[in-house]
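Shown next: query_39.cif, containing mmCIF, C-alpha atoms.
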data_upload
#
loop_
_atom_site.label_atom_id
_atom_site.label_comp_id
_atom_site.auth_asym_id
_atom_site.auth_seq_id
_atom_site.Cartn_x
_atom_site.Cartn_y
_atom_site.Cartn_z
CA VAL A 1 -20.32 30.89 -41.40
CA TYR A 2 -18.79 28.98 -38.49
CA ALA A 3 -18.63 25.17 -38.62
CA VAL A 4 -20.18 25.11 -35.16
CA PRO A 5 -22.89 27.47 -33.94
CA VAL A 6 -21.14 30.26 -32.08
CA ARG A 7 -23.53 29.83 -29.18
CA ARG A 8 -21.91 26.46 -28.47
CA VAL A 9 -18.58 28.15 -27.81
CA PRO A 10 -18.57 29.48 -24.27
CA PRO A 11 -17.65 33.18 -23.88
CA LEU A 12 -15.50 32.43 -20.83
CA VAL A 13 -13.20 29.43 -20.28
CA LEU A 14 -11.20 28.97 -17.10
CA VAL A 15 -7.87 27.29 -17.90
CA THR A 16 -6.44 25.45 -14.93
CA ASP A 17 -3.01 25.84 -13.38
CA ARG A 18 -2.89 24.38 -9.90
CA ARG A 19 0.19 26.51 -9.13
CA ALA A 20 -1.69 29.77 -9.75
CA THR A 21 -4.14 29.46 -6.86
CA GLY A 22 -1.91 30.86 -4.14
CA GLY A 23 -1.90 27.57 -2.29
CA ARG A 24 -5.65 27.05 -2.38
CA ASP A 25 -7.02 23.72 -3.61
CA LEU A 26 -7.55 23.92 -7.37
CA LEU A 27 -10.80 21.97 -7.34
CA ALA A 28 -12.25 24.20 -4.61
CA VAL A 29 -11.33 27.35 -6.55
CA VAL A 30 -12.84 25.95 -9.77
CA GLU A 31 -16.01 24.94 -7.92
CA ALA A 32 -16.38 28.46 -6.56
CA ALA A 33 -16.09 29.81 -10.11
CA LEU A 34 -18.58 27.23 -11.39
CA ASP A 35 -21.06 28.19 -8.70
CA ALA A 36 -20.64 31.81 -9.82
CA GLY A 37 -21.72 30.85 -13.34
CA LEU A 38 -18.49 29.85 -15.08
CA PRO A 39 -19.60 28.20 -18.35
CA ALA A 40 -16.46 26.16 -19.13
CA VAL A 41 -13.25 24.76 -17.67
CA GLN A 42 -10.19 23.51 -19.50
CA LEU A 43 -7.91 21.16 -17.56
CA ARG A 44 -4.35 22.07 -18.48
CA ASP A 45 -1.99 21.03 -15.73
CA LYS A 46 0.57 19.87 -18.27
CA ASP A 47 3.05 18.30 -15.88
CA LEU A 48 0.59 15.84 -14.37
CA PRO A 49 1.05 12.22 -15.50
CA GLY A 50 -1.87 10.40 -17.08
CA ARG A 51 -3.39 8.88 -13.97
CA ALA A 52 -3.31 12.08 -11.91
CA LEU A 53 -4.71 14.02 -14.85
CA TRP A 54 -7.46 11.44 -15.33
CA ARG A 55 -8.37 11.64 -11.63
CA LEU A 56 -8.53 15.44 -11.69
CA ALA A 57 -10.47 15.38 -14.96
CA GLY A 58 -13.00 13.05 -13.36
CA ALA A 59 -13.43 15.39 -10.40
CA LEU A 60 -13.88 18.34 -12.78
CA ARG A 61 -16.36 16.31 -14.83
CA THR A 62 -18.45 15.75 -11.71
CA ALA A 63 -18.22 19.42 -10.77
CA THR A 64 -19.09 20.68 -14.26
CA ARG A 65 -22.00 18.25 -14.62
CA ARG A 66 -23.41 19.62 -11.40
CA THR A 67 -23.58 23.16 -12.82
CA GLY A 68 -24.02 22.35 -16.51
CA ALA A 69 -20.65 23.79 -17.52
CA LEU A 70 -18.49 22.39 -20.31
CA LEU A 71 -15.25 20.51 -19.63
CA PHE A 72 -12.28 20.53 -21.97
CA VAL A 73 -9.04 18.62 -21.52
CA ASN A 74 -5.79 19.99 -22.91
CA ASP A 75 -3.61 17.76 -25.09
CA ARG A 76 -4.59 14.32 -23.73
CA VAL A 77 -7.40 13.20 -26.02
CA ASP A 78 -7.45 9.83 -24.24
CA VAL A 79 -8.13 11.46 -20.88
CA ALA A 80 -10.83 13.64 -22.46
CA LEU A 81 -12.54 10.57 -23.92
CA ALA A 82 -12.13 8.56 -20.73
CA VAL A 83 -14.01 11.08 -18.60
CA GLY A 84 -16.57 12.07 -21.22
CA ALA A 85 -15.33 15.63 -21.63
CA ASP A 86 -17.14 18.02 -23.97
CA GLY A 87 -14.00 18.66 -25.96
CA VAL A 88 -10.25 18.82 -26.19
CA HIS A 89 -7.78 21.64 -26.55
CA LEU A 90 -4.69 21.36 -28.72
CA GLY A 91 -1.44 23.28 -28.51
CA ARG A 92 1.52 23.40 -30.85
CA ALA A 93 3.02 20.26 -29.28
CA SER A 94 -0.24 18.28 -29.31
CA ILE A 95 -1.25 15.67 -31.85
CA PRO A 96 -2.54 17.24 -35.08
CA LEU A 97 -6.09 18.53 -35.33
CA ALA A 98 -7.09 15.92 -37.91
CA ALA A 99 -5.84 13.07 -35.71
CA ALA A 100 -7.70 14.46 -32.71
CA ARG A 101 -10.92 14.88 -34.70
CA ALA A 102 -10.68 11.30 -35.93
CA LEU A 103 -10.40 10.13 -32.32
CA VAL A 104 -13.23 12.18 -30.81
CA GLY A 105 -15.66 12.15 -33.73
CA PRO A 106 -17.80 15.05 -34.91
CA GLY A 107 -19.53 15.83 -31.62
CA PRO A 108 -16.96 17.16 -29.18
CA LEU A 109 -15.57 20.66 -29.55
CA ILE A 110 -11.92 21.12 -30.44
CA GLY A 111 -10.14 24.31 -29.45
CA VAL A 112 -6.71 25.26 -30.73
CA SER A 113 -4.12 27.63 -29.27
CA THR A 114 -3.03 30.23 -31.82
CA HIS A 115 -0.61 33.12 -31.88
CA ALA A 116 -1.06 34.54 -35.39
CA ALA A 117 -3.92 35.10 -37.84
CA ALA A 118 -2.55 32.43 -40.18
CA GLU A 119 -2.80 29.85 -37.41
CA VAL A 120 -6.46 30.73 -36.82
CA GLN A 121 -7.09 30.36 -40.54
CA ALA A 122 -5.40 26.95 -40.57
CA ALA A 123 -7.40 25.87 -37.53
CA ALA A 124 -10.63 26.94 -39.21
CA GLY A 125 -9.74 25.04 -42.37
CA GLY A 126 -8.82 21.98 -40.32
CA GLY A 127 -12.14 21.77 -38.54
CA ALA A 128 -11.41 23.39 -35.19
CA ASP A 129 -14.43 24.78 -33.39
CA PHE A 130 -12.72 27.76 -31.79
CA ALA A 131 -9.33 29.25 -31.13
CA PHE A 132 -7.52 30.76 -28.21
CA PHE A 133 -5.47 33.72 -29.39
CA GLY A 134 -2.74 35.39 -27.43
CA PRO A 135 -1.09 36.37 -25.30
CA VAL A 136 -3.05 39.55 -25.94
CA TYR A 137 -1.51 41.24 -22.92
CA ALA A 138 1.80 40.49 -21.25
CA THR A 139 1.88 37.58 -18.82
CA PRO A 140 4.74 36.16 -16.74
CA GLY A 141 7.43 35.07 -19.21
CA LYS A 142 5.48 35.94 -22.36
CA THR A 143 5.47 39.00 -24.60
CA ALA A 144 2.12 40.51 -25.53
CA VAL A 145 0.80 40.05 -29.07
CA GLY A 146 -1.58 42.98 -28.70
CA LEU A 147 -5.06 43.97 -29.86
CA GLY A 148 -4.16 44.64 -33.52
CA PRO A 149 -3.14 41.04 -34.25
CA LEU A 150 -6.16 39.86 -32.26
CA ALA A 151 -8.45 41.89 -34.51
CA ALA A 152 -6.70 40.49 -37.60
CA ALA A 153 -7.22 36.95 -36.30
CA THR A 154 -10.98 37.14 -35.77
CA GLY A 155 -13.73 36.42 -38.27
CA ARG A 156 -12.81 32.89 -39.28
CA LEU A 157 -13.55 31.11 -36.03
CA PRO A 158 -14.85 32.12 -32.63
CA VAL A 159 -11.72 33.49 -30.94
CA LEU A 160 -11.19 33.67 -27.21
CA ALA A 161 -8.55 36.16 -26.12
CA ILE A 162 -6.01 34.76 -23.65
CA GLY A 163 -3.13 36.27 -21.75
CA GLY A 164 -3.52 38.83 -19.02
CA VAL A 165 -7.11 39.71 -19.92
CA THR A 166 -9.11 41.05 -16.99
CA ALA A 167 -12.63 42.44 -16.83
CA ALA A 168 -11.20 45.93 -17.40
CA GLU A 169 -9.86 44.96 -20.84
CA LEU A 170 -12.91 43.05 -21.98
CA ARG A 171 -14.51 45.96 -23.83
CA ALA A 172 -11.38 46.46 -25.95
CA VAL A 173 -11.02 42.72 -26.52
CA ARG A 174 -14.63 42.40 -27.64
CA ALA A 175 -14.27 45.47 -29.85
CA ALA A 176 -11.34 43.70 -31.55
CA GLY A 177 -13.72 40.90 -32.51
CA ALA A 178 -13.03 38.30 -29.85
CA SER A 179 -16.09 36.34 -28.82
CA GLY A 180 -14.81 35.84 -25.31
CA VAL A 181 -11.91 35.26 -23.02
CA ALA A 182 -9.84 32.42 -21.61
CA ALA A 183 -8.79 33.22 -18.07
CA ILE A 184 -6.16 31.70 -15.84
CA ARG A 185 -4.88 34.01 -13.13
CA ALA A 186 -7.78 36.45 -13.51
CA ILE A 187 -9.85 33.82 -11.71
CA LEU A 188 -7.44 31.36 -10.08
CA ALA A 189 -5.27 34.01 -8.42
CA ALA A 190 -8.13 36.33 -7.51
CA PRO A 191 -8.77 36.86 -3.77
CA ASP A 192 -12.43 36.05 -4.52
CA PRO A 193 -12.64 33.69 -7.54
CA ALA A 194 -16.44 33.79 -7.54
CA ALA A 195 -16.50 37.59 -7.69
CA ALA A 196 -13.79 37.56 -10.39
CA THR A 197 -15.89 35.13 -12.42
CA ARG A 198 -18.99 37.28 -12.10
CA ALA A 199 -17.03 40.37 -13.13
CA LEU A 200 -15.66 38.63 -16.23
CA LEU A 201 -19.09 37.29 -17.15
CA ALA A 202 -20.67 40.71 -16.78
CA ALA A 203 -17.92 42.30 -18.88
CA VAL A 204 -18.12 39.65 -21.60
CA ALA A 205 -21.90 40.10 -21.85
CA GLY A 206 -21.72 43.90 -21.79
CA VAL B 1 -6.23 -20.13 -18.82
CA TYR B 2 -5.04 -16.81 -20.20
CA ALA B 3 -7.62 -14.30 -21.43
CA VAL B 4 -5.61 -14.00 -24.62
CA PRO B 5 -3.85 -16.87 -26.40
CA VAL B 6 -0.24 -16.83 -25.24
CA ARG B 7 0.91 -17.05 -28.82
CA ARG B 8 -0.40 -13.53 -29.38
CA VAL B 9 2.03 -12.18 -26.80
CA PRO B 10 5.44 -11.73 -28.42
CA PRO B 11 8.38 -13.38 -26.66
CA LEU B 12 10.57 -10.32 -27.23
CA VAL B 13 9.57 -6.65 -27.05
CA LEU B 14 12.01 -3.85 -27.73
CA VAL B 15 11.20 -0.86 -25.51
CA THR B 16 12.45 2.40 -26.98
CA ASP B 17 14.67 4.97 -25.34
CA ARG B 18 16.21 7.30 -27.89
CA ARG B 19 18.95 8.23 -25.38
CA ALA B 20 20.18 4.63 -25.14
CA THR B 21 21.38 4.28 -28.73
CA GLY B 22 24.80 5.84 -28.26
CA GLY B 23 23.95 8.69 -30.59
CA ARG B 24 22.55 6.53 -33.38
CA ASP B 25 19.16 7.35 -34.85
CA LEU B 26 16.50 5.48 -32.89
CA LEU B 27 14.40 4.61 -35.92
CA ALA B 28 17.42 3.22 -37.76
CA VAL B 29 18.37 1.03 -34.78
CA VAL B 30 14.80 -0.23 -34.43
CA GLU B 31 14.62 -0.98 -38.15
CA ALA B 32 17.81 -3.02 -37.93
CA ALA B 33 16.27 -5.03 -35.09
CA LEU B 34 13.02 -5.46 -37.03
CA ASP B 35 14.91 -6.74 -40.05
CA ALA B 36 16.62 -9.23 -37.73
CA GLY B 37 13.22 -10.64 -36.71
CA LEU B 38 12.16 -8.49 -33.77
CA PRO B 39 8.48 -9.36 -33.21
CA ALA B 40 7.38 -6.25 -31.27
CA VAL B 41 8.31 -2.67 -30.39
CA GLN B 42 6.99 -0.51 -27.60
CA LEU B 43 7.38 3.25 -28.04
CA ARG B 44 8.25 4.65 -24.62
CA ASP B 45 10.09 7.92 -24.99
CA LYS B 46 8.20 9.42 -22.08
CA ASP B 47 9.49 12.96 -22.35
CA LEU B 48 8.30 13.51 -25.92
CA PRO B 49 5.24 15.77 -26.26
CA GLY B 50 2.18 14.45 -28.05
CA ARG B 51 2.98 15.59 -31.56
CA ALA B 52 6.56 14.32 -31.57
CA LEU B 53 5.40 11.04 -30.06
CA TRP B 54 2.66 10.72 -32.68
CA ARG B 55 5.17 11.36 -35.46
CA LEU B 56 7.61 8.75 -34.13
CA ALA B 57 4.75 6.30 -33.56
CA GLY B 58 3.70 6.74 -37.16
CA ALA B 59 7.21 6.02 -38.38
CA LEU B 60 7.37 2.92 -36.18
CA ARG B 61 3.94 1.84 -37.43
CA THR B 62 5.24 1.98 -41.01
CA ALA B 63 8.40 0.08 -40.05
CA THR B 64 6.54 -2.61 -38.10
CA ARG B 65 3.93 -3.07 -40.84
CA ARG B 66 6.76 -3.73 -43.27
CA THR B 67 8.05 -6.66 -41.20
CA GLY B 68 4.80 -7.79 -39.59
CA ALA B 69 5.90 -6.87 -36.08
CA LEU B 70 3.55 -5.57 -33.39
CA LEU B 71 3.60 -1.95 -32.21
CA PHE B 72 2.73 -0.86 -28.69
CA VAL B 73 2.62 2.69 -27.39
CA ASN B 74 3.39 3.42 -23.75
CA ASP B 75 0.93 5.50 -21.71
CA ARG B 76 -0.62 7.61 -24.51
CA VAL B 77 -3.70 5.65 -25.52
CA ASP B 78 -4.68 8.47 -27.87
CA VAL B 79 -1.41 8.19 -29.79
CA ALA B 80 -1.78 4.41 -29.93
CA LEU B 81 -5.28 4.74 -31.39
CA ALA B 82 -4.26 7.51 -33.78
CA VAL B 83 -1.56 5.42 -35.45
CA GLY B 84 -3.42 2.10 -35.31
CA ALA B 85 -1.05 0.45 -32.85
CA ASP B 86 -1.58 -3.18 -31.84
CA GLY B 87 -1.75 -2.26 -28.20
CA VAL B 88 -0.86 0.02 -25.34
CA HIS B 89 1.38 -0.33 -22.33
CA LEU B 90 0.44 1.10 -18.94
CA GLY B 91 2.70 2.06 -16.06
CA ARG B 92 1.88 3.08 -12.52
CA ALA B 93 1.32 6.70 -13.57
CA SER B 94 -0.84 5.84 -16.59
CA ILE B 95 -4.63 5.94 -16.74
CA PRO B 96 -6.19 2.85 -15.12
CA LEU B 97 -6.42 -0.43 -17.01
CA ALA B 98 -10.23 -0.35 -17.12
CA ALA B 99 -10.23 3.15 -18.62
CA ALA B 100 -7.66 2.14 -21.23
CA ARG B 101 -9.63 -0.99 -22.14
CA ALA B 102 -12.81 1.05 -22.56
CA LEU B 103 -10.96 3.33 -24.98
CA VAL B 104 -9.26 0.68 -27.13
CA GLY B 105 -11.96 -2.00 -27.09
CA PRO B 106 -11.44 -5.74 -26.82
CA GLY B 107 -9.03 -6.18 -29.74
CA PRO B 108 -5.78 -4.42 -28.90
CA LEU B 109 -3.38 -5.94 -26.39
CA ILE B 110 -2.78 -4.17 -23.11
CA GLY B 111 0.49 -4.69 -21.27
CA VAL B 112 1.09 -3.52 -17.73
CA SER B 113 4.34 -2.83 -15.89
CA THR B 114 4.53 -4.74 -12.63
CA HIS B 115 7.03 -5.07 -9.80
CA ALA B 116 5.37 -7.60 -7.49
CA ALA B 117 3.28 -10.76 -7.81
CA ALA B 118 0.22 -8.99 -6.42
CA GLU B 119 0.41 -6.44 -9.22
CA VAL B 120 0.47 -9.20 -11.85
CA GLN B 121 -2.56 -10.75 -10.19
CA ALA B 122 -4.40 -7.43 -10.23
CA ALA B 123 -3.48 -6.92 -13.88
CA ALA B 124 -4.79 -10.37 -14.77
CA GLY B 125 -8.04 -9.72 -12.93
CA GLY B 126 -8.37 -6.34 -14.63
CA GLY B 127 -8.12 -7.73 -18.13
CA ALA B 128 -4.49 -7.07 -19.05
CA ASP B 129 -3.07 -9.32 -21.76
CA PHE B 130 0.46 -9.53 -20.41
CA ALA B 131 2.77 -8.02 -17.84
CA PHE B 132 6.30 -6.72 -17.77
CA PHE B 133 7.94 -7.73 -14.51
CA GLY B 134 11.13 -6.33 -13.14
CA PRO B 135 13.70 -5.07 -12.91
CA VAL B 136 14.84 -8.68 -12.72
CA TYR B 137 18.48 -7.64 -12.83
CA ALA B 138 20.01 -4.35 -11.75
CA THR B 139 19.83 -1.49 -14.26
CA PRO B 140 21.07 2.10 -14.00
CA GLY B 141 19.30 3.65 -11.03
CA LYS B 142 17.16 0.63 -10.19
CA THR B 143 17.60 -2.21 -7.71
CA ALA B 144 17.09 -5.76 -8.96
CA VAL B 145 13.95 -7.64 -7.92
CA GLY B 146 15.51 -10.99 -8.75
CA LEU B 147 14.46 -14.36 -10.13
CA GLY B 148 12.55 -15.56 -7.06
CA PRO B 149 9.94 -12.81 -7.20
CA LEU B 150 9.79 -13.27 -10.99
CA ALA B 151 8.93 -16.95 -10.51
CA ALA B 152 6.29 -16.03 -7.93
CA ALA B 153 4.74 -13.59 -10.39
CA THR B 154 4.29 -15.97 -13.29
CA GLY B 155 1.35 -18.27 -14.02
CA ARG B 156 -1.45 -15.73 -14.05
CA LEU B 157 -0.53 -13.85 -17.20
CA PRO B 158 2.21 -14.10 -19.79
CA VAL B 159 5.09 -12.31 -18.09
CA LEU B 160 7.99 -10.67 -19.89
CA ALA B 161 11.08 -10.15 -17.77
CA ILE B 162 12.54 -6.64 -17.96
CA GLY B 163 15.61 -5.03 -16.50
CA GLY B 164 19.13 -5.95 -17.48
CA VAL B 165 18.15 -9.22 -19.14
CA THR B 166 20.62 -10.31 -21.84
CA ALA B 167 20.74 -13.50 -23.89
CA ALA B 168 23.01 -15.06 -21.25
CA GLU B 169 20.28 -14.80 -18.59
CA LEU B 170 17.43 -15.99 -20.75
CA ARG B 171 17.63 -19.63 -19.70
CA ALA B 172 17.26 -18.69 -16.03
CA VAL B 173 14.50 -16.22 -16.81
CA ARG B 174 12.56 -18.80 -18.82
CA ALA B 175 13.12 -21.38 -16.09
CA ALA B 176 11.51 -18.95 -13.65
CA GLY B 177 8.38 -19.05 -15.79
CA ALA B 178 8.72 -15.90 -17.87
CA SER B 179 7.36 -16.26 -21.38
CA GLY B 180 9.84 -13.79 -22.77
CA VAL B 181 11.81 -10.63 -22.32
CA ALA B 182 11.46 -6.89 -22.77
CA ALA B 183 14.77 -5.41 -23.87
CA ILE B 184 15.99 -1.83 -23.90
CA ARG B 185 19.77 -1.49 -23.78
CA ALA B 186 20.37 -5.15 -24.71
CA ILE B 187 19.38 -4.12 -28.22
CA LEU B 188 19.52 -0.32 -28.41
CA ALA B 189 22.99 -0.01 -26.88
CA ALA B 190 24.44 -3.08 -28.60
CA PRO B 191 27.25 -2.47 -31.10
CA ASP B 192 25.27 -4.62 -33.55
CA PRO B 193 21.52 -4.33 -32.74
CA ALA B 194 20.61 -6.91 -35.39
CA ALA B 195 23.00 -9.49 -33.93
CA ALA B 196 21.77 -8.69 -30.42
CA THR B 197 18.19 -9.22 -31.57
CA ARG B 198 19.04 -12.57 -33.16
CA ALA B 199 20.86 -13.67 -30.00
CA LEU B 200 17.88 -12.77 -27.81
CA LEU B 201 15.45 -14.52 -30.18
CA ALA B 202 17.57 -17.66 -30.24
CA ALA B 203 17.84 -17.64 -26.45
CA VAL B 204 14.14 -17.07 -25.93
CA ALA B 205 13.29 -19.95 -28.27
CA GLY B 206 15.89 -22.27 -26.75
#

As structure tokens, the full file:
Amino acid sequence: VYAVPVRRVPPLVLVTDRRATGGRDLLAVVEAALDAGLPAVQLRDKDLPGRALWRLAGALRTATRRTGALLFVNDRVDVALAVGADGVHLGRASIPLAAARALVGPGPLIGVSTHAAAEVQAAAGGGADFAFFGPVYATPGKTAVGLGPLAAATGRLPVLAIGGVTAAELRAVRAAGASGVAAIRAILAAPDPAAATRALLAAVAG
Amino acid sequence: VYAVPVRRVPPLVLVTDRRATGGRDLLAVVEAALDAGLPAVQLRDKDLPGRALWRLAGALRTATRRTGALLFVNDRVDVALAVGADGVHLGRASIPLAAARALVGPGPLIGVSTHAAAEVQAAAGGGADFAFFGPVYATPGKTAVGLGPLAAATGRLPVLAIGGVTAAELRAVRAAGASGVAAIRAILAAPDPAAATRALLAAVAG
């Protein structure tokens, strides 16, 4: 029933934030997660200008190619295309889904950030391949949406829960219908990012 | 000797800054300039997120199509492609020229912001179609480069002088070898943007 086979949508996506690593080099932390089996990375350091983003995207492309992981780029479809990313991710302030699809063509995956069931429905109708939904749990500066709305949002598209989800919550998140999780601090801020990645992967498969 | 016929490079480009209009609607001011004969607009409201930029670019595309003017989009190659702009403009913080060219193909024009003769030379070698050079005169927060460096920068690519250039300076700027001018406040902040556009066009042709 999905436009894209669900198996193409990774069950775990690491979303980057170079300020969440506790001073460690972002690329080194991501590489540790990739070596631990991380299936996908989304570059989302929103404040970086085009050239710096393009440079970091290129480094992540090299790192993900080495392990076979997918690379997504948030918002900047041009940067995604320039580095040969596997897809793009769109937020509320990004160019519309239809415009992005016209630019990337049918192959690359397009993920969309959503916060309500109606947004997931619109994303599904517009040709998105998957949705982030959240914040499911409270995160710094954001109020939790909760598991009930998450459950109401699933079924139309593969939905990855985002926002404060750790391995401990994965059973509840999966029970609500989410096909996986998008992690930021759960990996980037972990004392051992490789161990955190393995724990999330084990929980998402369990 | 230019990669692109000089005639394709407009002698006057209005660079947008919606904060420079003295509270008037940017689109209305640009439309007044277009109706006065403005041959090209570059959308460069850098702080706008993708969707707002895309929306404004679409409105400018409609307005420029109506008068036959060219439309350039600064930095966001994806937005330029999405609205069918005639070209893109790259600054120091934008993705590299070669990456932008690969994305847009051979047709669209690529302009590059430069501040020294060596940068114009690099842009010419990299396949840019024209360069902005400046600030030739002092502008708020920027020190003037001056006419001597402008003269040294011309001859490799069509060069448009930018930075505090008004109709009064156009003779000197043309004498230095510039093929035209990129205007911001000279049009956007003018009491009568249409009259300011006509004055600049007359001066650039004189």

Query raised in the report: Between CA of Phe130 in chain A and CA of Glu31 in chain A, what is the distance, to one decimal in Å?
Result: 24.3 Å

Chain B residues near chain A (12 Å cut-off, all atoms listed in the file) as a tab-separated table (two decimals) with C-alpha atoms, in the frame of the given file:
chain	number	residue	atom	x	y	z
B	46	LYS	CA	8.20	9.42	-22.08
B	47	ASP	CA	9.49	12.96	-22.35
B	48	LEU	CA	8.30	13.51	-25.92
B	49	PRO	CA	5.24	15.77	-26.26
B	50	GLY	CA	2.18	14.45	-28.05
B	51	ARG	CA	2.98	15.59	-31.56
B	52	ALA	CA	6.56	14.32	-31.57
B	53	LEU	CA	5.40	11.04	-30.06
B	54	TRP	CA	2.66	10.72	-32.68
B	55	ARG	CA	5.17	11.36	-35.46
B	56	LEU	CA	7.61	8.75	-34.13
B	57	ALA	CA	4.75	6.30	-33.56
B	58	GLY	CA	3.70	6.74	-37.16
B	74	ASN	CA	3.39	3.42	-23.75
B	75	ASP	CA	0.93	5.50	-21.71
B	76	ARG	CA	-0.62	7.61	-24.51
B	77	VAL	CA	-3.70	5.65	-25.52
B	78	ASP	CA	-4.68	8.47	-27.87
B	79	VAL	CA	-1.41	8.19	-29.79
B	80	ALA	CA	-1.78	4.41	-29.93
B	81	LEU	CA	-5.28	4.74	-31.39
B	82	ALA	CA	-4.26	7.51	-33.78
B	83	VAL	CA	-1.56	5.42	-35.45
B	84	GLY	CA	-3.42	2.10	-35.31
B	88	VAL	CA	-0.86	0.02	-25.34
B	90	LEU	CA	0.44	1.10	-18.94
B	91	GLY	CA	2.70	2.06	-16.06
B	92	ARG	CA	1.88	3.08	-12.52
B	93	ALA	CA	1.32	6.70	-13.57
B	94	SER	CA	-0.84	5.84	-16.59
B	95	ILE	CA	-4.63	5.94	-16.74
B	96	PRO	CA	-6.19	2.85	-15.12
B	97	LEU	CA	-6.42	-0.43	-17.01
B	98	ALA	CA	-10.23	-0.35	-17.12
B	99	ALA	CA	-10.23	3.15	-18.62
B	100	ALA	CA	-7.66	2.14	-21.23
B	101	ARG	CA	-9.63	-0.99	-22.14
B	102	ALA	CA	-12.81	1.05	-22.56
B	103	LEU	CA	-10.96	3.33	-24.98
B	104	VAL	CA	-9.26	0.68	-27.13

Query raised in the report: Quick one: residues within 10 Å of Pro11 in chain A, only C-alpha atoms counted, chain neighbours fewer than 5 positions away excluded, as a ChimeraX atom specification?
Result: /A:6,38-40,158-161,178-182,200-201,204-205

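Between CA of Gly22 in chain A and CA of Pro191 in chain A lies a distance of 9.1 Å.
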
Could you tell me, as an mmCIF file with C-alpha atoms, in the coordinates of the input, which residues have any atom at most 10 Å from (-18.8, 16.4, -30.6), counting all atoms listed in the file?
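Produced file selection14.cif, reproduced below:
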data_model
loop_
_atom_site.group_PDB
_atom_site.id
_atom_site.type_symbol
_atom_site.label_atom_id
_atom_site.label_comp_id
_atom_site.auth_asym_id
_atom_site.auth_seq_id
_atom_site.Cartn_x
_atom_site.Cartn_y
_atom_site.Cartn_z
ATOM 1 C CA VAL A 4 -20.180 25.110 -35.160
ATOM 2 C CA ALA A 85 -15.330 15.630 -21.630
ATOM 3 C CA ASP A 86 -17.140 18.020 -23.970
ATOM 4 C CA GLY A 87 -14.000 18.660 -25.960
ATOM 5 C CA VAL A 88 -10.250 18.820 -26.190
ATOM 6 C CA ARG A 101 -10.920 14.880 -34.700
ATOM 7 C CA VAL A 104 -13.230 12.180 -30.810
ATOM 8 C CA GLY A 105 -15.660 12.150 -33.730
ATOM 9 C CA PRO A 106 -17.800 15.050 -34.910
ATOM 10 C CA GLY A 107 -19.530 15.830 -31.620
ATOM 11 C CA PRO A 108 -16.960 17.160 -29.180
ATOM 12 C CA LEU A 109 -15.570 20.660 -29.550
ATOM 13 C CA ILE A 110 -11.920 21.120 -30.440
ATOM 14 C CA ASP A 129 -14.430 24.780 -33.390
#

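When CA of Asp17 in chain B is paired with CA of Leu43 in chain B, their separation reads 8.0 Å.
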
Query raised in the report: What residues come out when you apply the PyMOL selection byres ((chain A and resi 170) around 9) to this file, written as number ranges by chain?
Result: A: 165-169, 171-175, 180-181, 200, 203-204, 206

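Among the candidates B:Ala183, B:Leu70, B:Val136, B:Ala122, the residue lying nearest to Leu157 in chain B is B:Ala122 (atoms considered: only C-alpha atoms).
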
Requested in this report: Please provide as a list in words all residues within 12 Å of Arg185 in chain A, with the sequence filter that same-chain residues fewer than 5 positions apart are discarded (counting all atoms listed in the file).
Outcome: Val13, Leu14, Val15, Thr16, Asp17, Arg18, Arg19, Ala20, Thr21, Gly22, Leu26, Val29, Val30, Thr139, Pro140, Ile162, Gly163, Gly164, Val165, Thr166, Ala190, Pro191, Asp192, Pro193, Ala196 and Thr197 of chain A

Report task. Please provide the set of residues having any atom within 9 Å of Ala152 in chain A, restricted to only C-alpha atoms, with same-chain residues fewer than 6 positions apart removed, written as a list in words. Result -> Ala116, Ala117, Ala176 and Gly177 of chain A

Picked residues, the PyMOL selection byres ((chain B and resi 149) around 9), expected as a short mmCIF file (atom, residue, chain, number, x, y, z; two decimals) with C-alpha atoms, in the frame of the given file:
data_model
loop_
_atom_site.label_atom_id
_atom_site.label_comp_id
_atom_site.auth_asym_id
_atom_site.auth_seq_id
_atom_site.Cartn_x
_atom_site.Cartn_y
_atom_site.Cartn_z
CA HIS B 115 7.03 -5.07 -9.80
CA ALA B 116 5.37 -7.60 -7.49
CA ALA B 117 3.28 -10.76 -7.81
CA GLY B 134 11.13 -6.33 -13.14
CA VAL B 136 14.84 -8.68 -12.72
CA VAL B 145 13.95 -7.64 -7.92
CA GLY B 146 15.51 -10.99 -8.75
CA LEU B 147 14.46 -14.36 -10.13
CA GLY B 148 12.55 -15.56 -7.06
CA LEU B 150 9.79 -13.27 -10.99
CA ALA B 151 8.93 -16.95 -10.51
CA ALA B 152 6.29 -16.03 -7.93
CA ALA B 153 4.74 -13.59 -10.39
CA THR B 154 4.29 -15.97 -13.29
#

Query raised in the report: Given the choices A:Phe72, A:Gly155, A:Ala186, A:Ala144, which gets closest to Leu60 in chain A if the distance is worked out from all atoms listed in the file?
Result: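 Using all atoms listed in the file, Leu60 in chain A sits closest to A:Phe72.
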
**Report entry** Hits from the PyMOL selection byres ((chain B and resi 34) around 8), listed as number ranges by chain
**Finding:** B: 30-33, 35-39, 63-64, 67, 69, 194

**Report entry** Of the listed residues B:Ala195, B:Ile187, B:Ala128, B:Val73, that which approaches Asp45 in chain B most closely, counting all atoms listed in the file
**Finding:** B:Val73
